[in-house]
Amino acid sequence: MSNYKKPYGQSLDRLMLYLLVFVIMGLSDAVIPVLPELSNNGPLPDGGSSSLIFSSFFIGALLTMILFGVLADAYGHRLFVVIGVLLTLISGFIIIVNNDFWIIVIARFIEGAGCGAFFPSAFALLSGMDKREQYIGEFNFILNLGLAVGLKVTGMLANTGIKNGLILFEGLMAPIFMISIMVLINNGLGETVLKKSEVFSTIAKSKKAIIHPQYYQIWLLSFVLFGSSGVLIALYPDFVLGVMTTDTLGTYLASIYAGAMVTSLVAGRMQIPKDTLVKAGVVFTGIGALGAVFHPIGLTLMGAGSGLGLVGLVTGVSYLNINKGLAMGIFNTCTYAGLAMVPIFGGLLISTVGYSSVFIINGVLLILMVLLPMSALSQANSIK
């Protein structure tokens, strides 16, 4: 049931969130095509400096999502959406005006912290709307669109200047940040479901929500689903090195986002039980991961599966008997932890078993996750 009382309040929130997730994701991925240039002065050899810049974003997100999720429950979700955007603006500006390696690493950490503030609050706001499944699907569609456009546009602009893609998305974010301030003023700070005095005790007790007999299944699924997708994204370029041109590779990698965009819209508009949606997402992602060993079209199927999985998981989490900011903070922490850690495990196995075997193990592991009990998601199906 909607908590909105002001006319157009829900529409304003949706407009704000859709615009913001596009530019935040675009700015985030705008760094990836120019990582070698940004890491020129780095201290680590063989791509280590590039990896450090890349990973510092995930570290910033991992360390802040639960904290900011709980704070948003106490102080208002819209307020933390705006704080997330402000941190992202600051980090983008620092990367644009500085060439010092360690300053760029710190800026990427700040950018990750911005996502740590933005995503739990954004999902919490969407979870309080009348058509949450549809809106979460649309949100994920635009999220993936931002990632794809960030990669493509930055690659196109790199010939005119390695930071021109960053400058473009930073310029887009400034007026959208002003829109978010206006929405904050019009709609207020957002629903608060936690007393300010309980913030730190709630953070301390968040472990109970993580290891809850029913909820841990969702966190584990989130970790494996997105972590396994990250294995393909991180390692596939090396797998096809010398076999596929950079242009062709970029097209197939972008198809991951295209697949997720399509299924996010479809899943958000269909009344499919959450557990069924997640199981379908896990199976399709696993089959796609296996298929990518033989043909890169598997990447598209993998993306389609992850889109189904995300919509099912986020809508399922929105019905859990946990404060929304905390629940979305834990969920996003698990997805980012998977993206940060599972590709590392996969990379360590390559020297022992090879790329194909790593991808096959990855795909089989994903498909086996469908056997995991999903009682919390099943219960959410009956809640309206």
# chains A, B, ... in the order shown; residues from 1 in each chain; ligands from 1
$ residues_around --residues "Ile24 (chain A)" --least-positions-apart "5" --cutoff "10 Å" --atoms "only C-alpha atoms" --output "tab-separated table (two decimals) with N, CA and C atoms, in the first residue's frame"
chain	number	residue	atom	x	y	z
A	19	LEU	N	16.26	8.94	-13.57
A	19	LEU	CA	17.31	9.82	-14.11
A	19	LEU	C	18.63	9.59	-13.39
A	29	ASP	N	30.63	3.30	-15.14
A	29	ASP	CA	31.24	2.52	-16.22
A	29	ASP	C	32.09	3.37	-17.15
A	30	ALA	N	31.97	4.69	-17.07
A	30	ALA	CA	32.79	5.56	-17.92
A	30	ALA	C	34.27	5.44	-17.60
A	84	GLY	N	23.91	10.21	-1.71
A	84	GLY	CA	24.60	9.33	-2.64
A	84	GLY	C	24.99	10.05	-3.91
A	85	VAL	N	24.09	10.87	-4.44
A	85	VAL	CA	24.38	11.62	-5.65
A	85	VAL	C	25.49	12.64	-5.40
A	88	THR	N	28.77	10.95	-5.39
A	88	THR	CA	29.13	10.57	-6.76
A	88	THR	C	29.63	11.78	-7.55
A	89	LEU	N	28.97	12.91	-7.39
A	89	LEU	CA	29.41	14.15	-8.04
A	89	LEU	C	30.82	14.53	-7.61
A	92	GLY	N	33.41	12.08	-9.12
A	92	GLY	CA	33.61	12.33	-10.54
A	92	GLY	C	34.45	13.56	-10.79
A	111	GLU	N	33.07	7.15	-4.72
A	111	GLU	CA	31.99	6.85	-5.67
A	111	GLU	C	31.23	5.59	-5.24
A	114	GLY	N	29.02	6.44	-2.51
A	114	GLY	CA	27.83	7.09	-3.05
A	114	GLY	C	26.78	6.08	-3.47
A	115	CYS	N	27.21	4.99	-4.12
A	115	CYS	CA	26.28	3.92	-4.48
A	115	CYS	C	25.76	3.24	-3.22
A	118	PHE	N	23.00	5.43	-2.23
A	118	PHE	CA	21.91	5.57	-3.20
A	118	PHE	C	21.05	4.31	-3.32
A	143	LEU	N	19.04	1.06	-15.23
A	143	LEU	CA	20.35	0.79	-14.63
A	143	LEU	C	21.29	0.15	-15.67
A	146	GLY	N	22.21	2.53	-18.47
A	146	GLY	CA	23.28	3.44	-18.06
A	146	GLY	C	24.66	2.80	-18.15
A	147	LEU	N	24.75	1.54	-17.70
A	147	LEU	CA	26.02	0.81	-17.77
A	147	LEU	C	26.49	0.66	-19.22
A	150	GLY	N	27.39	4.10	-20.73
A	150	GLY	CA	28.65	4.58	-20.15
A	150	GLY	C	29.86	3.96	-20.83
A	169	PHE	N	29.16	12.68	-18.40
A	169	PHE	CA	28.22	12.19	-17.40
A	169	PHE	C	28.23	13.06	-16.14
A	170	GLU	N	29.38	13.65	-15.82
A	170	GLU	CA	29.42	14.60	-14.70
A	170	GLU	C	28.55	15.81	-15.01
A	172	LEU	N	25.95	15.85	-17.01
A	172	LEU	CA	24.55	15.44	-16.95
A	172	LEU	C	24.06	15.32	-15.51
A	173	MET	N	24.96	14.92	-14.62
A	173	MET	CA	24.56	14.68	-13.24
A	173	MET	C	24.24	15.98	-12.50
$ closest_residue --among "A:Val364, A:Val70, A:Met261, A:Met25" --to "Thr202 (chain A)" --atoms "only C-alpha atoms"
A:Val70
$ residues_around --residues "Leu184 (chain A)" --least-positions-apart "5" --cutoff "7 Å" --atoms "only C-alpha atoms" --output "number ranges by chain"
A: 78-79, 189
$ residues_around --residues "Ser222 (chain A)" --least-positions-apart "5" --cutoff "7 Å" --atoms "only C-alpha atoms" --output "ChimeraX atom specification"
/A:331,334-335
$ residues_around --residues "Leu62 (chain A)" --least-positions-apart "6" --cutoff "10 Å" --atoms "only C-alpha atoms" --output "ChimeraX atom specification"
/A:56,109,112-113,115-116,329-330,332-337,340
$ write_last_selection --atoms "all heavy atoms" --output "mmCIF file, in the first residue's frame"
data_model
loop_
_atom_site.group_PDB
_atom_site.id
_atom_site.type_symbol
_atom_site.label_atom_id
_atom_site.label_comp_id
_atom_site.auth_asym_id
_atom_site.auth_seq_id
_atom_site.Cartn_x
_atom_site.Cartn_y
_atom_site.Cartn_z
ATOM 1 N N SER A 56 38.334 -0.553 -5.947
ATOM 2 C CA SER A 56 38.113 0.400 -4.856
ATOM 3 C C SER A 56 36.660 0.887 -4.832
ATOM 4 O O SER A 56 36.116 1.210 -3.777
ATOM 5 C CB SER A 56 39.072 1.592 -4.976
ATOM 6 O OG SER A 56 38.897 2.273 -6.197
ATOM 7 N N PHE A 109 36.656 5.017 -4.372
ATOM 8 C CA PHE A 109 36.104 4.551 -3.096
ATOM 9 C C PHE A 109 34.910 5.432 -2.703
ATOM 10 O O PHE A 109 33.861 4.927 -2.275
ATOM 11 C CB PHE A 109 37.174 4.588 -2.010
ATOM 12 C CG PHE A 109 36.692 4.141 -0.658
ATOM 13 C CD1 PHE A 109 36.779 2.806 -0.284
ATOM 14 C CD2 PHE A 109 36.142 5.051 0.243
ATOM 15 C CE1 PHE A 109 36.319 2.385 0.963
ATOM 16 C CE2 PHE A 109 35.685 4.641 1.487
ATOM 17 C CZ PHE A 109 35.780 3.303 1.847
ATOM 18 N N GLY A 112 31.980 4.575 -4.779
ATOM 19 C CA GLY A 112 31.339 3.366 -4.260
ATOM 20 C C GLY A 112 30.479 3.660 -3.045
ATOM 21 O O GLY A 112 29.379 3.118 -2.898
ATOM 22 N N ALA A 113 30.981 4.532 -2.162
ATOM 23 C CA ALA A 113 30.195 4.935 -0.989
ATOM 24 C C ALA A 113 28.926 5.664 -1.417
ATOM 25 O O ALA A 113 27.864 5.517 -0.787
ATOM 26 C CB ALA A 113 31.036 5.818 -0.075
ATOM 27 N N CYS A 115 27.211 4.995 -4.119
ATOM 28 C CA CYS A 115 26.281 3.923 -4.477
ATOM 29 C C CYS A 115 25.757 3.236 -3.217
ATOM 30 O O CYS A 115 24.610 2.786 -3.178
ATOM 31 C CB CYS A 115 26.972 2.909 -5.379
ATOM 32 S SG CYS A 115 27.121 3.458 -7.094
ATOM 33 N N GLY A 116 26.604 3.150 -2.184
ATOM 34 C CA GLY A 116 26.184 2.578 -0.908
ATOM 35 C C GLY A 116 25.051 3.366 -0.267
ATOM 36 O O GLY A 116 24.203 2.801 0.430
ATOM 37 N N GLY A 329 20.085 -2.770 2.078
ATOM 38 C CA GLY A 329 21.521 -2.626 2.334
ATOM 39 C C GLY A 329 22.219 -3.978 2.340
ATOM 40 O O GLY A 329 23.289 -4.145 1.749
ATOM 41 N N ILE A 330 21.603 -4.969 3.008
ATOM 42 C CA ILE A 330 22.179 -6.319 3.043
ATOM 43 C C ILE A 330 22.176 -6.928 1.647
ATOM 44 O O ILE A 330 23.170 -7.517 1.201
ATOM 45 C CB ILE A 330 21.408 -7.222 4.023
ATOM 46 C CG1 ILE A 330 21.538 -6.694 5.460
ATOM 47 C CG2 ILE A 330 21.921 -8.658 3.945
ATOM 48 C CD1 ILE A 330 20.652 -7.425 6.463
ATOM 49 N N ASN A 332 22.167 -5.459 -1.356
ATOM 50 C CA ASN A 332 23.162 -4.834 -2.230
ATOM 51 C C ASN A 332 24.586 -5.167 -1.800
ATOM 52 O O ASN A 332 25.483 -5.296 -2.641
ATOM 53 C CB ASN A 332 22.948 -3.319 -2.266
ATOM 54 C CG ASN A 332 21.820 -2.912 -3.186
ATOM 55 O OD1 ASN A 332 21.967 -2.861 -4.385
ATOM 56 N ND2 ASN A 332 20.658 -2.649 -2.596
ATOM 57 N N THR A 333 24.799 -5.307 -0.492
ATOM 58 C CA THR A 333 26.120 -5.712 -0.011
ATOM 59 C C THR A 333 26.486 -7.084 -0.553
ATOM 60 O O THR A 333 27.618 -7.321 -1.001
ATOM 61 C CB THR A 333 26.159 -5.729 1.528
ATOM 62 O OG1 THR A 333 25.929 -4.401 2.017
ATOM 63 C CG2 THR A 333 27.499 -6.221 2.045
ATOM 64 N N CYS A 334 25.520 -7.999 -0.537
ATOM 65 C CA CYS A 334 25.786 -9.359 -1.032
ATOM 66 C C CYS A 334 26.048 -9.370 -2.532
ATOM 67 O O CYS A 334 26.930 -10.100 -3.008
ATOM 68 C CB CYS A 334 24.613 -10.272 -0.696
ATOM 69 S SG CYS A 334 24.430 -10.594 1.069
ATOM 70 N N THR A 335 25.299 -8.575 -3.298
ATOM 71 C CA THR A 335 25.531 -8.544 -4.745
ATOM 72 C C THR A 335 26.904 -7.956 -5.060
ATOM 73 O O THR A 335 27.628 -8.482 -5.913
ATOM 74 C CB THR A 335 24.442 -7.730 -5.473
ATOM 75 O OG1 THR A 335 24.440 -6.384 -5.007
ATOM 76 C CG2 THR A 335 23.068 -8.325 -5.228
ATOM 77 N N TYR A 336 27.275 -6.893 -4.367
ATOM 78 C CA TYR A 336 28.584 -6.273 -4.618
ATOM 79 C C TYR A 336 29.714 -7.170 -4.112
ATOM 80 O O TYR A 336 30.791 -7.218 -4.712
ATOM 81 C CB TYR A 336 28.652 -4.894 -3.966
ATOM 82 C CG TYR A 336 28.105 -3.791 -4.844
ATOM 83 C CD1 TYR A 336 26.745 -3.686 -5.115
ATOM 84 C CD2 TYR A 336 28.947 -2.856 -5.433
ATOM 85 C CE1 TYR A 336 26.236 -2.694 -5.937
ATOM 86 C CE2 TYR A 336 28.455 -1.850 -6.255
ATOM 87 C CZ TYR A 336 27.098 -1.775 -6.504
ATOM 88 O OH TYR A 336 26.598 -0.805 -7.328
ATOM 89 N N ALA A 337 29.469 -7.874 -3.016
ATOM 90 C CA ALA A 337 30.483 -8.811 -2.520
ATOM 91 C C ALA A 337 30.720 -9.913 -3.544
ATOM 92 O O ALA A 337 31.864 -10.315 -3.795
ATOM 93 C CB ALA A 337 30.045 -9.412 -1.187
ATOM 94 N N ALA A 340 32.701 -8.557 -6.422
ATOM 95 C CA ALA A 340 34.088 -8.280 -6.060
ATOM 96 C C ALA A 340 34.904 -9.549 -5.834
ATOM 97 O O ALA A 340 36.090 -9.607 -6.191
ATOM 98 C CB ALA A 340 34.123 -7.407 -4.801
#
$ closest_residue --among "A:Met16, A:Val293, A:Asn323, A:Ser121" --to "Ser180 (chain A)" --atoms "only C-alpha atoms"
A:Met16
$ residues_around --residues "Ser127 (chain A)" --least-positions-apart "2" --cutoff "10 Å" --atoms "only C-alpha atoms" --output "MDAnalysis selection string"
chainID A and resid 1:2 121:125 129:133 135:136 314:319 324 328
$ closest_residue --among "A:Leu151, A:Ile176, A:Lys195, A:Asn41" --to "Asn99 (chain A)" --atoms "only C-alpha atoms"
A:Asn41
$ closest_atom_pairs --of "region 40-157 of chain A" --to "region 262-266 of chain A" --cutoff "10 Å" --atoms "only C-alpha atoms" --output "tab-separated table"
residue	atom	partner	partner_atom	distance
A:Glu133	CA	A:Leu265	CA	9.5
A:Gln134	CA	A:Leu265	CA	7.3
A:Tyr135	CA	A:Leu265	CA	8.8
A:Ile136	CA	A:Ser264	CA	8.1
A:Gly137	CA	A:Ser264	CA	4.5
A:Glu138	CA	A:Leu265	CA	5.6
A:Phe139	CA	A:Ser264	CA	8.4
A:Asn140	CA	A:Ser264	CA	6.1
A:Phe141	CA	A:Ser264	CA	5.7
A:Ile142	CA	A:Ser264	CA	9.4
A:Asn144	CA	A:Ser264	CA	9.5
$ closest_residue --among "A:Ser51, A:Leu326, A:Gly250, A:Met244" --to "Ala117 (chain A)" --atoms "only C-alpha atoms"
A:Leu326
$ atom_distance --atom1 "CA of Ile322 (chain A)" --atom2 "CA of Ile210 (chain A)"
10.8 Å
